[in-house]
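Here is the file my_file.cif (mmCIF, C-alpha atoms).
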data_structure
#
loop_
_atom_site.label_atom_id
_atom_site.label_comp_id
_atom_site.auth_asym_id
_atom_site.auth_seq_id
_atom_site.Cartn_x
_atom_site.Cartn_y
_atom_site.Cartn_z
CA MET R 1 120.97 63.54 -179.48
CA GLN R 2 119.76 66.71 -181.19
CA ALA R 3 121.77 65.82 -184.30
CA GLY R 4 120.24 62.29 -184.34
CA ARG R 5 116.72 63.71 -184.26
CA ASP R 6 117.58 66.18 -187.02
CA ASP R 7 118.89 63.35 -189.19
CA PHE R 8 115.65 61.44 -188.64
CA VAL R 9 113.53 64.45 -189.58
CA ILE R 10 115.63 65.16 -192.66
CA ALA R 11 115.44 61.52 -193.79
CA ILE R 12 111.67 61.39 -193.30
CA ARG R 13 111.13 64.73 -195.02
CA SER R 14 113.32 63.68 -197.87
CA ALA R 15 111.48 60.31 -198.18
CA PHE R 16 108.12 62.04 -198.45
CA LEU R 17 108.91 65.15 -200.44
CA LYS R 18 112.02 64.59 -202.54
CA LYS R 19 111.38 63.47 -206.07
CA GLU R 20 113.90 60.73 -206.81
CA ASN R 21 115.73 60.36 -210.10
CA LYS R 22 113.33 59.51 -212.93
CA GLN R 23 110.30 60.00 -210.62
CA LYS R 24 107.56 62.32 -211.83
CA PHE R 25 105.56 62.52 -208.58
CA SER R 26 106.52 62.90 -204.95
CA LEU R 27 105.33 60.24 -202.52
CA LEU R 28 103.48 62.78 -200.40
CA ALA R 29 101.41 63.99 -203.36
CA LEU R 30 100.44 60.42 -204.29
CA ILE R 31 99.62 59.45 -200.70
CA PHE R 32 97.44 62.56 -200.47
CA LEU R 33 95.68 61.55 -203.70
CA THR R 34 95.16 58.03 -202.33
CA PHE R 35 93.52 59.40 -199.19
CA ILE R 36 91.16 61.47 -201.37
CA ILE R 37 90.24 58.30 -203.30
CA ILE R 38 89.68 56.30 -200.09
CA LEU R 39 87.45 59.02 -198.63
CA SER R 40 85.51 59.35 -201.89
CA GLU R 41 84.99 55.58 -201.82
CA LYS R 42 83.75 55.78 -198.24
CA PHE R 43 81.22 58.49 -199.12
CA ASN R 44 80.26 56.85 -202.46
CA LEU R 45 81.07 59.81 -204.69
CA LYS R 46 79.93 59.46 -208.31
CA LEU R 47 83.39 60.17 -209.71
CA ILE R 48 84.85 57.14 -207.92
CA ASP R 49 82.08 54.94 -209.33
CA TYR R 50 83.14 55.89 -212.87
CA LEU R 51 86.79 55.28 -212.01
CA LYS R 52 85.93 51.88 -210.54
CA ILE R 53 83.78 50.81 -213.48
CA SER R 54 86.47 51.67 -216.02
CA LEU R 55 89.23 50.06 -213.95
CA ARG R 56 87.16 46.89 -213.50
CA GLU R 57 86.45 46.50 -217.20
CA VAL R 58 90.17 46.80 -217.97
CA ALA R 59 91.50 44.84 -214.98
CA TYR R 60 89.18 41.80 -215.17
CA ARG R 61 89.87 41.12 -218.83
CA SER R 62 93.61 41.77 -218.56
CA SER R 63 93.79 39.64 -215.44
CA PHE R 64 92.17 36.73 -217.27
CA ILE R 65 94.75 36.98 -220.06
CA VAL R 66 97.72 37.50 -217.73
CA SER R 67 96.64 34.55 -215.54
CA ALA R 68 96.36 32.18 -218.51
CA PRO R 69 99.92 30.73 -218.32
CA GLU R 70 99.76 30.13 -214.57
CA ASN R 71 96.25 28.68 -214.84
CA PHE R 72 97.56 26.31 -217.49
CA ILE R 73 100.29 25.11 -215.11
CA LYS R 74 97.76 24.74 -212.27
CA GLU R 75 95.38 22.74 -214.45
CA ALA R 76 98.20 20.53 -215.69
CA TYR R 77 99.25 19.87 -212.10
CA VAL R 78 95.69 18.99 -211.02
CA ALA R 79 95.22 16.76 -214.10
CA THR R 80 98.46 14.89 -213.37
CA LYS R 81 97.50 14.44 -209.72
CA ASN R 82 94.05 13.16 -210.71
CA HIS R 83 95.58 10.78 -213.20
CA PHE R 84 97.47 8.95 -210.47
CA SER R 85 94.43 8.60 -208.22
CA VAL R 86 92.04 7.49 -210.97
CA TYR R 87 91.98 3.76 -210.09
CA GLU R 88 91.15 4.26 -206.41
CA GLU R 89 88.64 6.94 -207.27
CA ASN R 90 86.90 4.70 -209.80
CA LYS R 91 86.44 1.93 -207.23
CA GLU R 92 85.07 4.36 -204.68
CA LEU R 93 82.73 5.99 -207.22
CA LYS R 94 81.29 2.65 -208.33
CA GLU R 95 80.33 1.82 -204.76
CA LYS R 96 78.84 5.27 -204.27
CA LEU R 97 76.89 5.05 -207.52
CA SER R 98 75.13 1.81 -206.64
CA PHE R 99 74.20 3.26 -203.25
CA GLU R 100 72.95 6.53 -204.75
CA LEU R 101 70.91 4.71 -207.42
CA SER R 102 68.99 2.84 -204.79
CA LYS R 103 68.25 6.14 -203.04
CA ASN R 104 67.18 7.82 -206.26
CA TYR R 105 63.97 5.77 -206.69
CA ASN R 106 62.88 6.84 -203.24
CA SER R 107 63.60 10.51 -203.82
CA GLU R 108 61.64 10.62 -207.09
CA TYR R 109 58.55 9.44 -205.27
CA ILE R 110 59.15 11.92 -202.42
CA LEU R 111 59.60 14.81 -204.87
CA GLU R 112 56.27 14.11 -206.56
CA GLU R 113 54.57 13.78 -203.21
CA ASN R 114 56.14 17.04 -202.04
CA LYS R 115 54.91 18.89 -205.14
CA ARG R 116 51.37 17.59 -204.60
CA LEU R 117 51.35 18.51 -200.91
CA ARG R 118 52.73 22.01 -201.60
CA SER R 119 49.94 22.72 -204.06
CA THR R 120 47.42 21.46 -201.49
CA ILE R 121 48.53 24.04 -198.90
CA ASP R 122 49.08 26.82 -201.51
CA GLU R 123 52.81 27.08 -200.70
CA THR R 124 54.70 29.54 -202.91
CA THR R 125 56.65 27.91 -205.68
CA PHE R 126 59.63 29.56 -207.31
CA LEU R 127 60.44 30.07 -210.95
CA THR R 128 64.13 29.98 -211.65
CA SER R 129 66.07 31.48 -214.49
CA GLU R 130 69.70 30.61 -214.89
CA ILE R 131 72.73 31.95 -216.70
CA ILE R 132 75.92 29.97 -217.11
CA GLY R 133 79.10 31.92 -216.41
CA LYS R 134 82.80 31.21 -216.63
CA VAL R 135 85.11 32.03 -213.74
CA LEU R 136 87.59 34.63 -215.01
CA ILE R 137 89.54 35.40 -211.85
CA ASP R 138 89.86 33.25 -208.80
CA LYS R 139 92.40 35.27 -206.86
CA LYS R 140 92.84 33.76 -203.42
CA SER R 141 93.40 36.91 -201.44
CA PRO R 142 94.13 36.80 -197.70
CA PHE R 143 91.53 39.53 -197.39
CA LEU R 144 88.49 38.41 -199.36
CA ARG R 145 87.14 35.19 -200.84
CA SER R 146 85.50 36.06 -204.13
CA VAL R 147 85.59 35.18 -207.84
CA ILE R 148 84.96 37.19 -210.99
CA ILE R 149 82.67 35.72 -213.66
CA ASN R 150 82.22 36.71 -217.28
CA ARG R 151 78.55 37.64 -217.00
CA GLY R 152 77.40 41.18 -216.20
CA SER R 153 74.45 43.53 -216.44
CA LYS R 154 74.25 43.01 -220.22
CA ASP R 155 73.44 39.34 -219.57
CA GLY R 156 70.75 40.16 -217.03
CA VAL R 157 72.80 39.54 -213.88
CA GLU R 158 71.46 41.41 -210.85
CA LEU R 159 72.83 42.11 -207.38
CA GLY R 160 72.07 39.37 -204.86
CA MET R 161 71.52 36.58 -207.41
CA ALA R 162 72.45 33.13 -206.14
CA VAL R 163 75.49 31.45 -207.66
CA MET R 164 75.68 27.68 -207.80
CA ASP R 165 78.21 25.04 -208.71
CA LYS R 166 76.18 22.10 -210.07
CA SER R 167 73.31 22.01 -207.57
CA TYR R 168 75.21 23.45 -204.61
CA LEU R 169 75.07 27.05 -203.46
CA ILE R 170 78.49 28.74 -203.49
CA GLY R 171 77.75 32.45 -203.05
CA LYS R 172 75.93 35.51 -204.30
CA VAL R 173 76.57 38.36 -206.73
CA VAL R 174 77.83 41.47 -204.89
CA GLU R 175 79.20 43.67 -207.67
CA ILE R 176 78.26 44.08 -211.33
CA THR R 177 79.86 45.74 -214.33
CA PHE R 178 78.58 45.69 -217.90
CA THR R 179 80.34 42.44 -218.82
CA THR R 180 81.50 40.92 -215.50
CA SER R 181 80.34 40.34 -211.91
CA ARG R 182 81.97 39.59 -208.57
CA VAL R 183 80.66 36.66 -206.55
CA LEU R 184 81.19 36.71 -202.78
CA LEU R 185 81.83 33.10 -201.80
CA LEU R 186 80.16 31.50 -198.78
CA SER R 187 83.62 31.02 -197.25
CA ASP R 188 84.22 34.78 -197.03
CA LEU R 189 84.21 36.23 -193.54
CA ASN R 190 81.55 38.75 -194.56
CA SER R 191 79.13 36.16 -195.96
CA LYS R 192 76.07 35.35 -193.81
CA VAL R 193 73.34 33.01 -195.10
CA PRO R 194 70.23 31.81 -193.21
CA VAL R 195 70.25 28.00 -193.18
CA ASP R 196 68.29 24.95 -192.12
CA ILE R 197 70.18 21.99 -190.68
CA MET R 198 68.63 18.59 -191.35
CA PRO R 199 67.62 16.39 -189.58
CA ASN R 200 65.93 18.23 -186.70
CA ASP R 201 65.16 21.30 -188.86
CA ILE R 202 67.43 23.67 -186.93
CA GLN R 203 67.36 27.29 -188.10
CA SER R 204 70.67 29.10 -188.01
CA ILE R 205 73.10 31.40 -189.82
CA LEU R 206 76.03 30.10 -191.82
CA SER R 207 79.01 32.42 -191.74
CA GLY R 208 82.27 32.22 -193.72
CA THR R 209 85.59 31.88 -191.94
CA GLY R 210 87.94 33.27 -194.57
CA GLY R 211 89.32 29.73 -194.94
CA ASP R 212 87.90 26.72 -196.78
CA GLU R 213 84.95 26.10 -194.49
CA GLY R 214 81.99 27.82 -192.84
CA VAL R 215 80.71 27.97 -189.26
CA ILE R 216 77.22 27.79 -187.79
CA GLN R 217 76.35 30.84 -185.73
CA TYR R 218 73.46 32.09 -183.65
CA THR R 219 71.73 28.84 -182.79
CA ARG R 220 70.34 27.80 -179.42
CA GLN R 221 70.16 24.13 -180.29
CA GLN R 222 73.87 23.50 -180.71
CA GLU R 223 73.69 20.10 -178.99
CA LEU R 224 71.14 18.82 -181.54
CA ILE R 225 73.52 19.36 -184.46
CA LYS R 226 75.19 16.08 -185.28
CA LYS R 227 78.18 15.30 -187.50
CA ASP R 228 77.27 14.76 -191.19
CA ALA R 229 73.96 16.66 -190.86
CA ILE R 230 73.17 18.43 -194.13
CA VAL R 231 73.00 22.22 -194.34
CA PHE R 232 70.40 23.74 -196.73
CA THR R 233 69.33 27.33 -197.39
CA SER R 234 66.30 28.16 -195.23
CA GLY R 235 64.84 30.76 -197.58
CA ALA R 236 64.54 33.29 -194.72
CA GLY R 237 65.15 36.82 -195.95
CA GLY R 238 63.81 35.92 -199.39
CA LEU R 239 67.15 36.10 -201.19
CA PHE R 240 67.46 32.38 -201.93
CA LYS R 241 64.74 29.76 -202.12
CA SER R 242 64.73 27.16 -199.39
CA GLY R 243 66.30 23.73 -199.75
CA ILE R 244 69.46 24.46 -201.76
CA PRO R 245 72.19 22.15 -200.44
CA ILE R 246 75.33 23.89 -199.16
CA GLY R 247 77.44 21.43 -197.19
CA LYS R 248 77.54 19.10 -194.25
CA ILE R 249 78.55 19.39 -190.62
CA ALA R 250 82.15 18.34 -190.08
CA THR R 251 84.05 17.71 -186.90
CA ASP R 252 85.96 20.62 -185.53
CA PRO R 253 89.13 19.44 -183.75
CA SER R 254 88.71 22.11 -181.06
CA ASN R 255 84.97 21.33 -180.66
CA LEU R 256 84.36 25.00 -179.95
CA LYS R 257 82.45 25.74 -183.12
CA THR R 258 80.20 23.90 -185.55
CA VAL R 259 82.11 23.67 -188.79
CA VAL R 260 80.47 23.23 -192.19
CA SER R 261 82.38 21.53 -194.96
CA PHE R 262 81.08 22.83 -198.31
CA PHE R 263 79.95 20.34 -200.96
CA SER R 264 81.63 22.38 -203.65
CA ASP R 265 85.40 22.89 -203.83
CA PHE R 266 85.75 26.67 -204.20
CA SER R 267 89.32 26.43 -205.45
CA GLN R 268 88.27 24.37 -208.48
CA LEU R 269 85.44 26.52 -209.84
CA ARG R 270 85.43 26.85 -213.62
CA TYR R 271 81.78 27.26 -214.70
CA VAL R 272 78.98 28.41 -212.41
CA LYS R 273 75.23 28.98 -212.63
CA ILE R 274 73.86 32.41 -211.74
CA ILE R 275 70.28 31.96 -210.66
CA SER R 276 67.41 34.26 -209.77
CA PHE R 277 64.40 32.94 -207.90
CA LYS R 278 61.07 34.61 -208.50
CA LYS R 279 57.83 33.66 -206.80
CA GLU R 280 55.42 32.13 -209.30
CA ASN R 281 52.65 34.64 -208.63
CA GLU R 282 54.93 37.72 -209.04
CA MET G 1 124.14 45.93 -237.22
CA GLY G 2 120.64 44.46 -237.17
CA GLU G 3 121.65 41.95 -234.52
CA ILE G 4 123.13 44.66 -232.29
CA SER G 5 119.89 46.62 -232.52
CA LYS G 6 117.87 43.45 -231.73
CA PHE G 7 120.08 42.77 -228.71
CA SER G 8 119.72 46.33 -227.42
CA ASN G 9 115.92 46.09 -227.80
CA PHE G 10 115.94 42.85 -225.82
CA LYS G 11 118.10 44.47 -223.13
CA LYS G 12 115.68 47.41 -222.96
CA PHE G 13 112.84 44.93 -222.51
CA LEU G 14 114.71 43.20 -219.67
CA GLU G 15 115.37 46.56 -218.03
CA LYS G 16 111.60 46.97 -217.81
CA GLY G 17 111.48 43.60 -215.97
CA PRO G 18 110.44 45.04 -212.57
CA ILE G 19 107.58 47.00 -214.15
CA ILE G 20 106.33 43.97 -216.09
CA LEU G 21 106.59 41.78 -212.98
CA LEU G 22 104.64 44.31 -210.92
CA ILE G 23 101.80 44.58 -213.44
CA VAL G 24 101.66 40.80 -213.87
CA SER G 25 101.71 40.15 -210.13
CA VAL G 26 98.82 42.50 -209.38
CA LEU G 27 96.73 41.16 -212.24
CA ASN G 28 97.68 37.53 -211.92
CA GLU G 29 96.43 34.88 -209.51
CA PHE G 30 100.00 34.82 -208.23
CA ASP G 31 99.69 32.82 -205.00
CA LEU G 32 102.09 29.97 -205.90
CA ASN G 33 100.04 27.74 -203.61
CA TYR G 34 99.87 24.64 -205.79
CA LEU G 35 99.94 22.37 -202.73
CA ASN G 36 96.81 24.11 -201.40
CA LEU G 37 98.39 24.64 -197.99
CA LYS G 38 95.96 26.16 -195.56
CA TYR G 39 96.55 29.90 -195.00
CA PHE G 40 99.68 29.94 -197.20
CA SER G 41 100.01 33.18 -199.11
CA PHE G 42 102.54 35.94 -199.50
CA ASN G 43 102.47 39.43 -200.89
CA PHE G 44 104.79 39.44 -203.88
CA PRO G 45 104.15 43.11 -204.85
CA PHE G 46 105.39 44.20 -201.40
CA ILE G 47 108.69 42.38 -201.92
CA LEU G 48 109.06 43.70 -205.46
CA ILE G 49 108.25 47.32 -204.61
CA TYR G 50 110.42 47.41 -201.50
CA TYR G 51 113.44 45.84 -203.21
CA TRP G 52 113.39 47.94 -206.37
CA SER G 53 112.55 51.22 -204.60
CA LEU G 54 115.44 50.57 -202.26
CA LYS G 55 118.05 49.37 -204.72
CA ARG G 56 117.09 51.14 -207.94
CA SER G 57 114.40 53.69 -207.31
CA GLY G 58 114.27 54.73 -210.97
CA SER G 59 113.11 51.32 -212.20
CA LEU G 60 109.62 51.54 -210.65
CA GLY G 61 107.87 54.91 -210.94
CA TYR G 62 105.74 55.99 -207.98
CA GLY G 63 102.90 56.81 -210.38
CA LEU G 64 103.01 53.29 -211.73
CA ILE G 65 103.07 51.83 -208.21
CA PHE G 66 100.01 53.93 -207.37
CA LEU G 67 98.20 52.70 -210.48
CA SER G 68 99.11 49.06 -209.84
CA GLY G 69 97.64 49.43 -206.34
CA LEU G 70 94.35 50.57 -207.86
CA LEU G 71 94.38 47.57 -210.22
CA ASN G 72 95.11 45.21 -207.32
CA ASP G 73 92.14 46.59 -205.36
CA VAL G 74 89.86 46.07 -208.32
CA VAL G 75 91.06 42.47 -208.81
CA THR G 76 90.98 41.46 -205.14
CA GLY G 77 87.77 43.36 -204.33
CA LEU G 78 89.21 45.60 -201.63
CA PRO G 79 87.93 49.20 -201.29
CA ILE G 80 89.69 51.22 -203.94
CA GLY G 81 92.88 53.03 -202.88
CA ILE G 82 93.81 50.62 -200.07
CA SER G 83 96.57 48.74 -201.90
CA SER G 84 97.88 51.98 -203.44
CA LEU G 85 98.29 53.38 -199.95
CA ALA G 86 100.03 50.19 -198.79
CA TYR G 87 102.43 50.19 -201.75
CA LEU G 88 103.25 53.90 -201.37
CA LEU G 89 103.92 53.45 -197.66
CA ILE G 90 106.31 50.63 -198.50
CA CYS G 91 108.06 53.12 -200.80
CA VAL G 92 108.26 55.62 -197.92
CA PHE G 93 109.98 53.00 -195.77
CA SER G 94 112.44 52.03 -198.48
CA SER G 95 113.15 55.65 -199.33
CA TYR G 96 113.77 56.42 -195.65
CA LEU G 97 116.12 53.45 -195.33
CA ARG G 98 118.01 54.56 -198.44
CA ASN G 99 118.42 58.05 -197.00
CA ILE G 100 119.87 56.86 -193.70
CA THR G 101 122.02 54.01 -195.02
CA LEU G 102 125.72 54.54 -195.55
CA ARG G 103 126.78 50.91 -195.86
CA PRO G 104 123.99 48.70 -197.25
CA SER G 105 123.48 45.30 -195.64
CA ALA G 106 121.06 42.61 -196.85
CA ILE G 107 120.17 41.55 -193.30
CA LYS G 108 119.38 45.12 -192.20
CA ASP G 109 117.23 45.60 -195.33
CA TRP G 110 115.44 42.34 -194.55
CA PHE G 111 114.57 43.23 -190.96
CA PHE G 112 113.55 46.74 -191.93
CA PHE G 113 111.27 45.16 -194.52
CA GLY G 114 109.73 43.05 -191.74
CA LEU G 115 109.02 46.20 -189.74
CA ALA G 116 107.66 47.96 -192.84
CA ILE G 117 105.14 45.23 -193.72
CA LEU G 118 104.02 44.90 -190.09
CA VAL G 119 103.28 48.63 -189.87
CA VAL G 120 101.69 48.85 -193.32
CA ASN G 121 99.48 45.78 -192.86
CA SER G 122 98.36 46.95 -189.43
CA LEU G 123 97.41 50.31 -190.88
CA ILE G 124 95.51 48.68 -193.75
CA TYR G 125 93.77 46.33 -191.31
CA LEU G 126 92.66 49.33 -189.26
CA ILE G 127 91.45 51.35 -192.26
CA VAL G 128 89.55 48.45 -193.83
CA GLY G 129 88.02 47.44 -190.50
CA LEU G 130 87.20 50.84 -189.06
CA VAL G 131 86.43 52.93 -192.13
CA PHE G 132 84.83 50.33 -194.41
CA GLU G 133 83.64 47.89 -191.72
CA VAL G 134 84.86 44.90 -193.73
CA GLU G 135 85.76 41.89 -191.59
CA LEU G 136 89.23 40.48 -192.24
CA GLU G 137 90.75 37.28 -190.99
CA TYR G 138 93.48 38.24 -188.57
CA TYR G 139 95.47 34.96 -188.66
CA SER G 140 95.46 34.81 -192.42
CA ILE G 141 97.00 38.28 -192.61
CA LEU G 142 99.53 37.41 -189.93
CA VAL G 143 100.63 34.30 -191.84
CA ASN G 144 100.75 36.35 -195.03
CA ILE G 145 103.10 38.83 -193.30
CA LEU G 146 105.30 36.00 -192.01
CA PHE G 147 105.67 34.33 -195.43
CA THR G 148 106.21 37.69 -197.15
CA PHE G 149 109.00 38.40 -194.67
CA LEU G 150 110.60 34.96 -195.13
CA PHE G 151 110.40 35.07 -198.91
CA TYR G 152 112.00 38.52 -199.11
CA ILE G 153 115.51 37.20 -198.59
CA ILE G 154 115.09 34.60 -201.36
CA PHE G 155 113.66 37.06 -203.86
CA SER G 156 116.21 39.72 -202.94
CA GLY G 157 118.96 37.22 -203.84
CA LEU G 158 117.29 36.56 -207.19
CA PHE G 159 116.79 40.26 -207.86
CA ASP G 160 120.43 40.99 -206.93
CA TYR G 161 121.52 38.50 -209.56
CA TYR G 162 119.07 39.94 -212.12
CA GLN G 163 120.33 43.43 -211.38
CA LYS G 164 123.95 42.41 -211.84
CA VAL G 165 123.21 40.72 -215.17
CA ILE G 166 120.95 43.39 -216.63
CA PHE G 167 122.23 46.64 -215.20
CA GLY G 168 125.81 45.66 -214.38
CA GLY G 169 127.39 48.01 -211.82
CA GLN G 170 125.37 51.07 -212.82
CA ASN G 171 123.53 53.06 -210.22
CA VAL G 172 120.47 55.17 -210.68
#

Once you've parsed the file, please lay out its structure as structure tokens.
Amino acid sequence: MQAGRDDFVIAIRSAFLKKENKQKFSLLALIFLTFIIILSEKFNLKLIDYLKISLREVAYRSSFIVSAPENFIKEAYVATKNHFSVYEENKELKEKLSFELSKNYNSEYILEENKRLRSTIDETTFLTSEIIGKVLIDKKSPFLRSVIINRGSKDGVELGMAVMDKSYLIGKVVEITFTTSRVLLLSDLNSKVPVDIMPNDIQSILSGTGGDEGVIQYTRQQELIKKDAIVFTSGAGGLFKSGIPIGKIATDPSNLKTVVSFFSDFSQLRYVKIISFKKENE
Amino acid sequence: MGEISKFSNFKKFLEKGPIILLIVSVLNEFDLNYLNLKYFSFNFPFILIYYWSLKRSGSLGYGLIFLSGLLNDVVTGLPIGISSLAYLLICVFSSYLRNITLRPSAIKDWFFFGLAILVVNSLIYLIVGLVFEVELEYYSILVNILFTFLFYIIFSGLFDYYQKVIFGGQNV
């Protein structure tokens, strides 16, 4: 028994301390260094910021280049798949188009009316400035849902700016380097956005799930939320302006939570708009 | 003469295969999920590091593993140092197994790998959750562990073959 425990201790000690053939560092020394880095990160030490900035600049660009062959294969696969479904899709789109066109005339009138009414009650209007960015890295990690774009502080990107795919909100900027930024997607578990659910004008919070959809949290009027209701930003908190479409309410098989299916497909993002909203009188 | 030198350069390049694969896999969007299966993902660097540290510890330097962890954190957006710690702990497990093994067996290596990734991922989950207060999806990580475990045996077969072809019977 004693001998067995000794063997265990020797094996563990040897695993941690012994430098193997062709190894320059012992594992214990490197683990110790890693703990120092983790603690420095926790306490936001300046030195770690410099390390992170330099690593990001190198890693983002290299990652874009290294991912190029696999991205090419992915794109070829998606293109081939789309090619086979093009006939059905065309038929469906034609029907949708005629329906949407009829709705469009109505909405133009409503937009004009809305503008006039807003000016009557002195409602704040927002000025928007937008930057187009290309998605460099779209690494689907089991931990975080985020993408890296090729626009950074040199292009005027600021923390918290809204990021949109066409006219749909997809996330916000959470990290900036000189030439790149990280966008936290709405599907990330740590993303929380105040929303309005129409019809019925229900105020709530949209939270990510870590998967492909979002969930509605903190609402007292759960029973009023119907399937296919549209989810917009509410503008509460002042980060985003109100009325940006996000997704629609989908059916959850378990019926325990209110699931939101996003309008934009986060796995197919190529170009995005980074937008800042400033109040007109500011 | 020129051809022999070209061949030996090519062989040297192939001997660096594990290093190149490690760098590419931490920088690349290497999820292999072309069918867009929900939750499907596996941790290729874990498999790579465990296998090569166990079978040929000289082919992947610990310093390089540490650095690739830092790069992975930057790319995935995790707090810096987390992946380095995970990779180094995997090395500790493989080094321990190497020290206590007299007669290597693929099945034993496989199950020990399962234990290693369970312990390492749990530790990482705790550190990220408690120290950095970042929410992580529990099921997604669990599925990631399961697929990483299942894929190990396939990749270990491929790596065995690669090792035989490139390094022959040599040991480090």

### Message
Residues of chain R within 8 Å of chain G, counting all atoms listed in the file - could you list those as a PyMOL selection string?
### Response
chain R and resi 7+11-12+14-16+20-27+30-31+34-35+37-38+41-42+52+55-56+59-60+62-64+66-67+70+74+77+137-144+146+189-190+209-211

Grab the residues selected above and save them as an mmCIF file, keeping the file's coordinate frame with C-alpha atoms.
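Everything below was put into part14.cif:
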data_model
loop_
_atom_site.group_PDB
_atom_site.id
_atom_site.type_symbol
_atom_site.label_atom_id
_atom_site.label_comp_id
_atom_site.auth_asym_id
_atom_site.auth_seq_id
_atom_site.Cartn_x
_atom_site.Cartn_y
_atom_site.Cartn_z
ATOM 1 C CA ASP R 7 118.890 63.350 -189.190
ATOM 2 C CA ALA R 11 115.440 61.520 -193.790
ATOM 3 C CA ILE R 12 111.670 61.390 -193.300
ATOM 4 C CA SER R 14 113.320 63.680 -197.870
ATOM 5 C CA ALA R 15 111.480 60.310 -198.180
ATOM 6 C CA PHE R 16 108.120 62.040 -198.450
ATOM 7 C CA GLU R 20 113.900 60.730 -206.810
ATOM 8 C CA ASN R 21 115.730 60.360 -210.100
ATOM 9 C CA LYS R 22 113.330 59.510 -212.930
ATOM 10 C CA GLN R 23 110.300 60.000 -210.620
ATOM 11 C CA LYS R 24 107.560 62.320 -211.830
ATOM 12 C CA PHE R 25 105.560 62.520 -208.580
ATOM 13 C CA SER R 26 106.520 62.900 -204.950
ATOM 14 C CA LEU R 27 105.330 60.240 -202.520
ATOM 15 C CA LEU R 30 100.440 60.420 -204.290
ATOM 16 C CA ILE R 31 99.620 59.450 -200.700
ATOM 17 C CA THR R 34 95.160 58.030 -202.330
ATOM 18 C CA PHE R 35 93.520 59.400 -199.190
ATOM 19 C CA ILE R 37 90.240 58.300 -203.300
ATOM 20 C CA ILE R 38 89.680 56.300 -200.090
ATOM 21 C CA GLU R 41 84.990 55.580 -201.820
ATOM 22 C CA LYS R 42 83.750 55.780 -198.240
ATOM 23 C CA LYS R 52 85.930 51.880 -210.540
ATOM 24 C CA LEU R 55 89.230 50.060 -213.950
ATOM 25 C CA ARG R 56 87.160 46.890 -213.500
ATOM 26 C CA ALA R 59 91.500 44.840 -214.980
ATOM 27 C CA TYR R 60 89.180 41.800 -215.170
ATOM 28 C CA SER R 62 93.610 41.770 -218.560
ATOM 29 C CA SER R 63 93.790 39.640 -215.440
ATOM 30 C CA PHE R 64 92.170 36.730 -217.270
ATOM 31 C CA VAL R 66 97.720 37.500 -217.730
ATOM 32 C CA SER R 67 96.640 34.550 -215.540
ATOM 33 C CA GLU R 70 99.760 30.130 -214.570
ATOM 34 C CA LYS R 74 97.760 24.740 -212.270
ATOM 35 C CA TYR R 77 99.250 19.870 -212.100
ATOM 36 C CA ILE R 137 89.540 35.400 -211.850
ATOM 37 C CA ASP R 138 89.860 33.250 -208.800
ATOM 38 C CA LYS R 139 92.400 35.270 -206.860
ATOM 39 C CA LYS R 140 92.840 33.760 -203.420
ATOM 40 C CA SER R 141 93.400 36.910 -201.440
ATOM 41 C CA PRO R 142 94.130 36.800 -197.700
ATOM 42 C CA PHE R 143 91.530 39.530 -197.390
ATOM 43 C CA LEU R 144 88.490 38.410 -199.360
ATOM 44 C CA SER R 146 85.500 36.060 -204.130
ATOM 45 C CA LEU R 189 84.210 36.230 -193.540
ATOM 46 C CA ASN R 190 81.550 38.750 -194.560
ATOM 47 C CA THR R 209 85.590 31.880 -191.940
ATOM 48 C CA GLY R 210 87.940 33.270 -194.570
ATOM 49 C CA GLY R 211 89.320 29.730 -194.940
#

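Minimum atom-to-atom distance to Phe149 (chain G), evaluated using all atoms listed in the file, belongs to G:Ile117 out of G:Ile117, G:Ile20, G:Leu48, G:Leu102.
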
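CA of Arg182 (chain R) lies 27.7 Å from CA of Ile49 (chain G).
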
Run the PyMOL selection byres ((chain R and resi 162) around 9) mentally over the shown coordinates, then write out the matched residues as a PDB file with C-alpha atoms, in the coordinates of the input, using the chain letters and numbers from the document.
ATOM      1  CA  GLY R 160      72.070  39.370-204.860  1.00  0.00           C
ATOM      2  CA  MET R 161      71.520  36.580-207.410  1.00  0.00           C
ATOM      3  CA  VAL R 163      75.490  31.450-207.660  1.00  0.00           C
ATOM      4  CA  MET R 164      75.680  27.680-207.800  1.00  0.00           C
ATOM      5  CA  LEU R 169      75.070  27.050-203.460  1.00  0.00           C
ATOM      6  CA  ILE R 170      78.490  28.740-203.490  1.00  0.00           C
ATOM      7  CA  GLY R 171      77.750  32.450-203.050  1.00  0.00           C
ATOM      8  CA  LYS R 172      75.930  35.510-204.300  1.00  0.00           C
ATOM      9  CA  VAL R 173      76.570  38.360-206.730  1.00  0.00           C
ATOM     10  CA  VAL R 183      80.660  36.660-206.550  1.00  0.00           C
ATOM     11  CA  LEU R 239      67.150  36.100-201.190  1.00  0.00           C
ATOM     12  CA  PHE R 240      67.460  32.380-201.930  1.00  0.00           C
ATOM     13  CA  LYS R 273      75.230  28.980-212.630  1.00  0.00           C
ATOM     14  CA  ILE R 274      73.860  32.410-211.740  1.00  0.00           C
ATOM     15  CA  ILE R 275      70.280  31.960-210.660  1.00  0.00           C
ATOM     16  CA  SER R 276      67.410  34.260-209.770  1.00  0.00           C
ATOM     17  CA  PHE R 277      64.400  32.940-207.900  1.00  0.00           C
TER      18      PHE R 277
END

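Here the PyMOL selection byres ((chain G and resi 107) around 12) catches exactly these residues: Arg103, Pro104, Ser105, Ala106, Lys108, Asp109, Trp110, Phe111, Phe112, Phe113, Gly114, Phe149, Leu150, Tyr152, Ile153, Ile154, Ser156 and Gly157 of chain G.
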